[in-house]
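The file upload-v9.cif contains mmCIF, C-alpha atoms and all ligand atoms:
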```
data_target
#
loop_
_atom_site.label_atom_id
_atom_site.label_comp_id
_atom_site.auth_asym_id
_atom_site.auth_seq_id
_atom_site.Cartn_x
_atom_site.Cartn_y
_atom_site.Cartn_z
CA MET A 1 0.00 0.00 0.00
CA LYS A 2 0.98 3.65 -0.30
CA ILE A 3 2.26 5.88 2.48
CA PHE A 4 2.69 9.66 2.34
CA SER A 5 5.33 11.23 4.57
CA THR A 6 5.42 15.00 5.10
CA ARG A 7 9.20 14.88 5.54
CA ALA A 8 12.15 12.78 4.36
CA ILE A 9 12.62 10.15 7.09
CA PRO A 10 15.62 8.09 8.27
CA SER A 11 16.44 5.11 6.04
CA ILE A 12 15.52 2.63 8.77
CA GLY A 13 11.87 3.64 8.26
CA LEU A 14 12.07 3.29 4.48
CA LYS A 15 13.50 -0.20 4.94
CA LEU A 16 10.71 -1.25 7.33
CA PHE A 17 8.11 -0.05 4.83
CA ALA A 18 9.84 -1.75 1.89
CA ASP A 19 10.18 -5.03 3.84
CA ALA A 20 6.44 -4.88 4.54
CA GLY A 21 5.76 -4.38 0.82
CA HIS A 22 4.64 -0.73 1.03
CA THR A 23 5.81 2.27 -0.99
CA VAL A 24 6.51 5.72 0.43
CA THR A 25 6.21 9.17 -1.12
CA GLN A 26 8.28 11.69 0.82
CA HIS A 27 7.66 15.45 0.68
CA THR A 28 11.29 16.51 0.44
CA GLU A 29 10.85 20.23 -0.34
CA ARG A 30 11.90 22.41 2.59
CA ARG A 31 8.52 24.11 3.01
CA GLU A 32 5.33 23.21 4.84
CA LEU A 33 2.55 21.85 2.69
CA ALA A 34 -0.64 23.90 2.60
CA GLN A 35 -3.55 21.94 4.05
CA SER A 36 -5.14 21.62 0.58
CA GLU A 37 -1.91 20.08 -0.75
CA LEU A 38 -1.73 17.67 2.19
CA ILE A 39 -5.33 16.58 1.67
CA ALA A 40 -4.70 16.12 -2.08
CA ALA A 41 -1.61 14.02 -1.33
CA CYS A 42 -3.46 11.92 1.26
CA ARG A 43 -6.25 11.22 -1.27
CA GLU A 44 -3.62 9.38 -3.36
CA HIS A 45 -2.32 7.36 -0.41
CA ASP A 46 -3.47 4.85 2.22
CA ALA A 47 -1.54 6.13 5.24
CA LEU A 48 0.04 9.34 6.52
CA LEU A 49 3.27 9.83 8.46
CA SER A 50 3.04 13.40 9.70
CA ALA A 51 6.28 15.01 10.84
CA GLY A 52 6.32 18.70 11.70
CA PRO A 53 3.58 21.11 12.64
CA ASN A 54 0.89 20.28 10.01
CA LYS A 55 -2.54 20.93 11.51
CA LEU A 56 -4.56 17.73 11.45
CA ASP A 57 -7.75 19.60 12.34
CA ALA A 58 -11.40 18.57 12.09
CA PHE A 59 -11.61 19.51 8.40
CA PHE A 60 -8.47 17.55 7.54
CA LEU A 61 -9.66 14.45 9.44
CA GLN A 62 -13.11 14.62 7.82
CA GLN A 63 -11.51 14.88 4.35
CA CYS A 64 -9.08 12.02 5.04
CA ARG A 65 -11.33 9.40 6.62
CA HIS A 66 -10.14 6.91 4.02
CA LEU A 67 -6.65 6.79 5.60
CA LYS A 68 -6.02 3.39 7.13
CA ALA A 69 -3.30 4.76 9.43
CA ILE A 70 -2.10 8.15 10.64
CA THR A 71 0.96 8.52 12.83
CA LEU A 72 2.92 11.49 14.06
CA LEU A 73 6.71 11.51 14.25
CA SER A 74 6.52 13.14 17.69
CA VAL A 75 5.22 12.50 21.14
CA GLY A 76 3.35 15.84 21.25
CA TYR A 77 -0.03 15.84 19.50
CA ASP A 78 -1.30 19.37 20.05
CA ASN A 79 -1.51 19.75 16.24
CA VAL A 80 -4.28 17.12 16.05
CA ASP A 81 -7.96 17.64 16.82
CA MET A 82 -8.21 14.61 19.11
CA ALA A 83 -11.91 15.24 19.86
CA GLU A 84 -12.69 14.97 16.14
CA ALA A 85 -10.45 11.89 15.81
CA ALA A 86 -12.49 10.30 18.64
CA LYS A 87 -15.76 11.25 16.94
CA LEU A 88 -14.60 9.76 13.63
CA LYS A 89 -13.03 6.76 15.43
CA MET A 90 -9.69 7.43 13.75
CA PRO A 91 -6.67 6.10 15.67
CA ILE A 92 -3.69 8.48 15.74
CA GLY A 93 -0.21 7.14 16.48
CA ASN A 94 2.71 8.91 18.16
CA THR A 95 6.24 8.05 19.33
CA PRO A 96 6.40 8.17 23.14
CA GLY A 97 9.22 7.05 25.43
CA VAL A 98 12.16 6.91 23.07
CA LEU A 99 12.76 10.66 22.97
CA SER A 100 12.77 11.27 26.71
CA GLY A 101 16.57 11.02 27.12
CA ALA A 102 17.41 13.31 24.20
CA THR A 103 14.79 15.91 25.17
CA ALA A 104 15.92 15.89 28.81
CA ASP A 105 19.50 16.35 27.55
CA THR A 106 18.34 19.45 25.67
CA ALA A 107 16.73 20.87 28.82
CA PHE A 108 19.93 20.12 30.77
CA LEU A 109 22.07 21.71 28.04
CA LEU A 110 19.93 24.87 28.09
CA MET A 111 19.97 25.05 31.90
CA LEU A 112 23.75 24.84 32.04
CA ALA A 113 24.29 27.12 29.03
CA VAL A 114 21.98 29.80 30.50
CA SER A 115 23.63 29.56 33.93
CA ARG A 116 26.99 30.47 32.30
CA LYS A 117 25.69 32.77 29.50
CA ALA A 118 27.32 30.38 27.03
CA PHE A 119 25.48 31.21 23.79
CA TYR A 120 25.80 34.97 24.33
CA LEU A 121 29.53 34.78 25.10
CA SER A 122 30.17 32.57 22.09
CA ASN A 123 28.28 35.10 19.92
CA THR A 124 30.40 37.97 21.21
CA ILE A 125 33.57 36.15 20.08
CA SER A 126 32.11 35.66 16.61
CA LYS A 127 31.46 39.43 16.52
CA GLY A 128 35.19 39.99 17.11
CA ASP A 129 34.88 40.85 20.81
CA TRP A 130 36.89 38.43 22.99
CA GLY A 131 36.48 40.83 25.89
CA PHE A 132 38.95 42.01 28.52
CA TYR A 133 39.21 39.93 31.70
CA GLY A 134 37.49 41.53 34.65
CA PRO A 135 36.88 39.55 37.86
CA MET A 136 33.26 40.64 37.94
CA ASP A 137 32.53 40.32 34.24
CA ASN A 138 30.27 37.74 32.64
CA LEU A 139 29.49 35.98 35.88
CA GLY A 140 27.14 33.04 35.81
CA ILE A 141 25.39 31.26 38.64
CA GLU A 142 26.05 27.76 39.98
CA LEU A 143 23.56 24.92 40.00
CA ASN A 144 24.95 22.78 42.77
CA GLY A 145 22.40 22.06 45.50
CA LYS A 146 19.76 24.25 43.87
CA THR A 147 16.08 23.33 43.49
CA LEU A 148 14.80 22.00 40.18
CA GLY A 149 11.07 22.53 39.68
CA ILE A 150 9.39 20.38 37.08
CA PHE A 151 6.08 21.39 35.59
CA GLY A 152 4.59 18.11 34.28
CA LEU A 153 6.58 15.21 35.73
CA GLY A 154 6.28 12.59 32.99
CA ARG A 155 9.00 10.55 31.30
CA ILE A 156 11.04 13.56 30.12
CA GLY A 157 10.81 15.38 33.45
CA ILE A 158 11.93 12.25 35.30
CA GLU A 159 14.97 11.88 33.01
CA LEU A 160 15.90 15.51 33.65
CA ALA A 161 15.42 15.12 37.39
CA HIS A 162 17.78 12.11 37.44
CA LYS A 163 20.45 14.03 35.50
CA CYS A 164 20.19 17.11 37.74
CA ALA A 165 20.21 15.10 40.98
CA ALA A 166 23.26 13.11 39.81
CA ALA A 167 25.22 16.05 38.39
CA TYR A 168 24.38 18.81 40.87
CA HIS A 169 22.63 17.19 43.86
CA MET A 170 19.62 19.30 42.97
CA LYS A 171 16.46 18.95 45.07
CA ILE A 172 13.42 18.05 43.01
CA ILE A 173 9.96 19.57 43.37
CA TYR A 174 7.16 19.12 40.85
CA HIS A 175 3.65 20.11 39.95
CA ASN A 176 1.37 17.80 37.99
CA ARG A 177 -2.31 17.13 37.52
CA ASN A 178 -1.69 13.84 39.39
CA ARG A 179 0.82 12.86 42.05
CA ASN A 180 3.69 10.67 40.80
CA GLU A 181 4.36 8.42 43.76
CA ALA A 182 7.07 6.38 42.01
CA ALA A 183 9.04 9.59 41.36
CA GLU A 184 8.48 10.77 44.90
CA LYS A 185 10.09 7.55 46.15
CA GLU A 186 12.84 7.23 43.55
CA LEU A 187 13.88 10.91 43.36
CA LEU A 188 12.63 12.12 46.73
CA ALA A 189 10.65 14.54 44.58
CA LYS A 190 8.21 16.71 46.48
CA TYR A 191 4.77 17.54 45.12
CA VAL A 192 3.96 21.26 45.40
CA SER A 193 1.19 23.58 44.23
CA PHE A 194 1.76 25.59 41.04
CA ASP A 195 2.39 28.75 43.12
CA GLU A 196 4.90 26.93 45.32
CA LEU A 197 6.64 25.61 42.20
CA LEU A 198 6.99 29.18 40.93
CA GLN A 199 8.15 30.52 44.30
CA GLN A 200 10.63 27.77 45.22
CA SER A 201 12.30 26.73 41.93
CA ASP A 202 15.82 27.90 41.12
CA VAL A 203 15.41 26.24 37.73
CA LEU A 204 11.85 25.72 36.50
CA SER A 205 11.56 23.35 33.54
CA ALA A 206 8.29 22.87 31.60
CA HIS A 207 7.47 19.33 30.42
CA ALA A 208 3.67 19.21 30.39
CA ASN A 209 1.52 18.57 27.32
CA LEU A 210 0.08 21.64 25.66
CA SER A 211 -3.63 21.77 26.52
CA PRO A 212 -6.23 24.47 27.17
CA GLU A 213 -5.10 24.39 30.84
CA THR A 214 -1.38 24.80 30.09
CA ASN A 215 -1.66 27.21 27.14
CA GLY A 216 -0.07 30.50 28.24
CA ILE A 217 0.28 29.34 31.85
CA PHE A 218 3.73 30.96 32.13
CA ASN A 219 2.52 34.54 31.93
CA LYS A 220 3.22 37.85 33.66
CA GLU A 221 1.55 36.71 36.87
CA ALA A 222 3.48 33.43 36.94
CA PHE A 223 6.86 35.06 36.19
CA SER A 224 6.22 37.69 38.89
CA LYS A 225 6.05 34.89 41.51
CA MET A 226 9.43 33.40 40.52
CA LYS A 227 12.76 34.15 42.22
CA PRO A 228 14.84 36.98 40.65
CA SER A 229 17.70 34.42 40.56
CA SER A 230 15.68 31.73 38.75
CA ILE A 231 16.01 30.20 35.28
CA PHE A 232 12.99 29.26 33.16
CA ILE A 233 13.42 26.36 30.70
CA ASN A 234 10.88 25.32 28.05
CA THR A 235 11.51 22.26 25.86
CA ALA A 236 7.80 21.32 25.69
CA ARG A 237 5.69 23.68 23.59
CA GLY A 238 6.22 27.41 23.01
CA ALA A 239 2.53 28.21 23.50
CA MET A 240 2.92 27.34 27.17
CA HIS A 241 4.74 30.64 27.76
CA ASN A 242 3.67 34.16 26.80
CA GLU A 243 6.80 35.36 25.01
CA GLN A 244 6.18 39.10 25.53
CA HIS A 245 5.63 38.48 29.26
CA LEU A 246 8.83 36.40 29.34
CA ILE A 247 10.79 39.24 27.71
CA GLU A 248 9.39 41.72 30.25
CA ALA A 249 10.16 39.37 33.16
CA LEU A 250 13.79 39.16 31.99
CA GLN A 251 14.07 42.90 31.35
CA GLN A 252 12.56 43.73 34.74
CA LYS A 253 14.76 41.08 36.41
CA ASN A 254 11.77 39.16 37.80
CA ILE A 255 13.73 36.10 36.68
CA TRP A 256 17.45 35.67 35.94
CA GLY A 257 17.49 33.76 32.67
CA ALA A 258 15.67 31.54 30.17
CA GLY A 259 16.48 28.59 27.93
CA LEU A 260 14.06 27.80 25.13
CA ASP A 261 14.00 24.92 22.67
CA VAL A 262 10.46 25.94 21.74
CA THR A 263 9.32 29.48 21.07
CA ASN A 264 6.05 31.32 20.70
CA PRO A 265 5.60 31.62 17.77
CA GLU A 266 7.82 29.19 15.86
CA PRO A 267 9.93 29.98 14.01
CA MET A 268 11.30 32.86 16.10
CA GLU A 269 12.04 36.07 14.16
CA LYS A 270 15.77 36.79 13.82
CA ASP A 271 15.40 40.24 15.43
CA ASN A 272 13.69 38.86 18.57
CA ILE A 273 15.25 40.64 21.53
CA LEU A 274 15.62 37.34 23.40
CA LEU A 275 18.43 36.45 20.99
CA THR A 276 20.47 39.41 22.24
CA MET A 277 20.07 38.82 25.97
CA PRO A 278 23.15 37.50 27.81
CA ASN A 279 21.14 35.18 30.07
CA VAL A 280 19.02 33.60 27.33
CA CYS A 281 19.77 30.60 25.13
CA VAL A 282 17.46 29.60 22.29
CA LEU A 283 17.48 26.49 20.11
CA PRO A 284 15.22 25.83 17.08
CA HIS A 285 13.06 22.97 18.48
CA VAL A 286 15.69 20.24 18.26
CA GLY A 287 14.90 18.50 21.56
CA SER A 288 14.70 14.99 20.12
CA GLY A 289 17.27 15.65 17.40
CA THR A 290 19.87 12.90 17.71
CA VAL A 291 20.60 10.13 15.21
CA GLU A 292 19.68 7.45 17.74
CA THR A 293 16.44 9.06 18.86
CA ARG A 294 15.17 10.00 15.42
CA ASP A 295 15.85 6.41 14.28
CA ALA A 296 13.97 5.06 17.31
CA MET A 297 11.05 7.45 16.69
CA THR A 298 10.96 6.44 13.02
CA ILE A 299 10.82 2.74 13.91
CA ILE A 300 7.81 3.33 16.19
CA ALA A 301 6.08 5.50 13.57
CA ALA A 302 6.72 2.92 10.82
CA LYS A 303 5.40 0.09 13.02
CA ASN A 304 2.31 2.17 13.81
CA ILE A 305 1.60 2.56 10.12
CA ILE A 306 2.37 -1.03 9.16
CA ALA A 307 0.00 -2.25 11.91
CA GLY A 308 -2.72 0.12 10.69
CA LEU A 309 -2.32 -1.00 7.09
CA ASP A 310 -2.54 -4.64 8.28
CA GLY A 311 -5.82 -3.84 10.03
CA GLN A 312 -4.17 -4.24 13.43
CA GLN A 313 -4.19 -1.95 16.47
CA MET A 314 -1.17 0.41 16.58
CA GLU A 315 1.03 -0.28 19.57
CA HIS A 316 1.38 3.44 20.18
CA ALA A 317 -2.02 4.99 19.55
CA ILE A 318 -2.71 8.19 21.48
CA ASN A 319 -6.41 7.26 21.52
CA PRO A 320 -6.57 3.42 21.84
CA GLU A 321 -10.17 3.77 23.04
CA VAL A 322 -11.30 4.28 19.42
CA TYR A 323 -10.54 0.59 18.79
CA GLN A 324 -13.33 -0.46 21.19
C1 LIG B 401 7.76 15.98 20.15
O1 LIG B 401 8.01 14.79 19.94
O2 LIG B 401 6.66 16.35 20.55
C2 LIG B 401 8.85 16.94 19.84
O3 LIG B 401 8.66 18.18 20.43
C3 LIG B 401 8.93 17.11 18.34
O4 LIG B 401 7.87 17.90 17.91
#
```
For the file at hand, write its structure as structure tokens.
Amino acid sequence: MKIFSTRAIPSIGLKLFADAGHTVTQHTERRELAQSELIAACREHDALLSAGPNKLDAFFLQQCRHLKAITLLSVGYDNVDMAEAAKLKMPIGNTPGVLSGATADTAFLLMLAVSRKAFYLSNTISKGDWGFYGPMDNLGIELNGKTLGIFGLGRIGIELAHKCAAAYHMKIIYHNRNRNEAAEKELLAKYVSFDELLQQSDVLSAHANLSPETNGIFNKEAFSKMKPSSIFINTARGAMHNEQHLIEALQQKNIWGAGLDVTNPEPMEKDNILLTMPNVCVLPHVGSGTVETRDAMTIIAAKNIIAGLDGQQMEHAINPEVYQ
């Protein structure tokens, strides 16, 4: 059968499809498809592998009911209208678990880079300014023994907590919809209210899913409750923070620094003031971007599709209840 992929994918995925007797059309142009183009492409195919931010909204799902399988090449699924998928009984696959280590590494990298102003200082060298040593110049802050606050303690947050506890003996506090008793035992993590998380964290890292409840939750009011010495990290979804409020919080020194792998909006404009701030590090949404992780994600996505094309239940469906 025929699969449409919105991006070129690692060869391991192409091999799995070929071994299963399927053919793949890859959209290899470096531009997003318009929704009408995506629908037209899907009409010619039996399954969709959606990588990137394409909106799989109600209209798209209604137009593409013929698809035998849809999978995302991501764990996040905020680009899909899951209520409509439930209504139409369309299973949607994703790639959980395998990207937790790489994404937690990205959060750790940003935390450390922000704490020592690493991106800013590297940029000043490339502008020809090595600087002149001054004992009070370019000072960072240390992480040892500080408190890591995790907003949304799932697989990625747990990986980050382990790394921070091992590297810097950081204390772990978290806020979730539900208590995570395993993490409380394993990491001595302490459950706190959202306000306590804001007030007590030295580093606050966002790992929740984007939902109506978490959209814009890091706003002026939230930043105003954080410590002036704190660092805000977001590797989850940019829409969780209000970017103008974040800029103001940094300018007014409500918080000390910020590390973002996700921005609001994406892509970030090149003249965004955040890119000029010494205590800010920004990456272009590369949290899961390692060879190993992208291969592992591709294997899960390919297996999701092959199962769907075989009339089987996907192992990693976000909405397995639609199979009932
Ligand atoms: C994910 O898997 O959700 C990553 O953020 C890539 O979009």
Can you tell me which residues surround segment 210-221 of chain A at a distance of at most 6 Å, considering all atoms listed in the file, apart from same-chain residues fewer than 4 positions away, and format the answer as a PyMOL selection string?
chain A and resi 239-242+245
Write out as a PDB file with C-alpha atoms, keeping the file's coordinate frame the residues lying within 10 Å of Lys55 of chain A, counting all atoms listed in the file and excluding same-chain residues fewer than 3 positions away.
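Below you can see out-v2.pdb, which holds the result:
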```pdb
ATOM      1  CA  ALA A  34      -0.640  23.900   2.600  1.00  0.00           C
ATOM      2  CA  GLN A  35      -3.550  21.940   4.050  1.00  0.00           C
ATOM      3  CA  LEU A  38      -1.730  17.670   2.190  1.00  0.00           C
ATOM      4  CA  SER A  50       3.040  13.400   9.700  1.00  0.00           C
ATOM      5  CA  GLY A  52       6.320  18.700  11.700  1.00  0.00           C
ATOM      6  CA  ALA A  58     -11.400  18.570  12.090  1.00  0.00           C
ATOM      7  CA  PHE A  59     -11.610  19.510   8.400  1.00  0.00           C
ATOM      8  CA  PHE A  60      -8.470  17.550   7.540  1.00  0.00           C
ATOM      9  CA  LEU A  61      -9.660  14.450   9.440  1.00  0.00           C
ATOM     10  CA  TYR A  77      -0.030  15.840  19.500  1.00  0.00           C
ATOM     11  CA  ASP A  78      -1.300  19.370  20.050  1.00  0.00           C
ATOM     12  CA  ASN A  79      -1.510  19.750  16.240  1.00  0.00           C
ATOM     13  CA  VAL A  80      -4.280  17.120  16.050  1.00  0.00           C
ATOM     14  CA  ASP A  81      -7.960  17.640  16.820  1.00  0.00           C
TER      15      ASP A  81
END
```
Around ligand LIG 401 (chain B), which protein and nucleic acid residues have at least one atom no more than 6 Å from it, if we count only C-alpha atoms and all ligand atoms? List them as JSON, numbers by chain.
{"A": [74, 75, 76]}
Go ahead and write the selection's residues with C-alpha atoms as a compact mmCIF listing (two decimals), keeping the file's coordinate frame.
```
# COMPACT_ATOMS: atom_id res chain seq x y z
CA SER A 74 6.52 13.14 17.69
CA VAL A 75 5.22 12.50 21.14
CA GLY A 76 3.35 15.84 21.25
```
Residue nearest Ile231 of chain A - candidates A:Ile141, A:Ala182, A:Ile299, A:Leu33, atoms counted: all atoms listed in the file
A:Ile141
Could you give me, as a PyMOL selection string, the residues within 8 Å of segment 192-199 of chain A, counting only C-alpha atoms and dropping anything in the same chain fewer than 2 positions from it?
chain A and resi 149-151+173-175+190+201+204+222-223+225-227
Emit the selected residues as a PDB file, keeping the file's coordinate frame, including C-alpha atoms.
```pdb
ATOM      1  CA  GLY A 149      11.070  22.530  39.680  1.00  0.00           C
ATOM      2  CA  ILE A 150       9.390  20.380  37.080  1.00  0.00           C
ATOM      3  CA  PHE A 151       6.080  21.390  35.590  1.00  0.00           C
ATOM      4  CA  ILE A 173       9.960  19.570  43.370  1.00  0.00           C
ATOM      5  CA  TYR A 174       7.160  19.120  40.850  1.00  0.00           C
ATOM      6  CA  HIS A 175       3.650  20.110  39.950  1.00  0.00           C
ATOM      7  CA  LYS A 190       8.210  16.710  46.480  1.00  0.00           C
ATOM      8  CA  SER A 201      12.300  26.730  41.930  1.00  0.00           C
ATOM      9  CA  LEU A 204      11.850  25.720  36.500  1.00  0.00           C
ATOM     10  CA  ALA A 222       3.480  33.430  36.940  1.00  0.00           C
ATOM     11  CA  PHE A 223       6.860  35.060  36.190  1.00  0.00           C
ATOM     12  CA  LYS A 225       6.050  34.890  41.510  1.00  0.00           C
ATOM     13  CA  MET A 226       9.430  33.400  40.520  1.00  0.00           C
ATOM     14  CA  LYS A 227      12.760  34.150  42.220  1.00  0.00           C
TER      15      LYS A 227
END
```
From the list A:Ala183, A:Ile70, A:Leu121, A:Ile306, which residue is nearest Ile92 of chain A when using only C-alpha atoms?
A:Ile70
Quick one: residues within 10 Å of (14.4, 7.8, 40.1) (file frame), counting all atoms listed in the file, please, as a ChimeraX atom specification.
/A:158-159,161-163,165,182-189
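Comparing A:Pro53, A:Gly93, A:Pro10, A:Pro284 by their smallest distance to Gly259 of chain A, the closest is A:Pro284 (using all atoms listed in the file).
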Give the answer as one residue: which of A:Glu32, A:Asp19, A:Asp310, A:Asp271 has the shortest atom-to-atom distance to Ala69 of chain A, using only C-alpha atoms?
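Closest candidate: A:Asp310.
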For a test of reading the model, state the distance in Å between atom CA of Pro278 of chain A and atom CA of Ala102 of chain A, rounded to one decimal.
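Spanning atom CA of Pro278 of chain A to atom CA of Ala102 of chain A is a straight-line distance of 25.1 Å.
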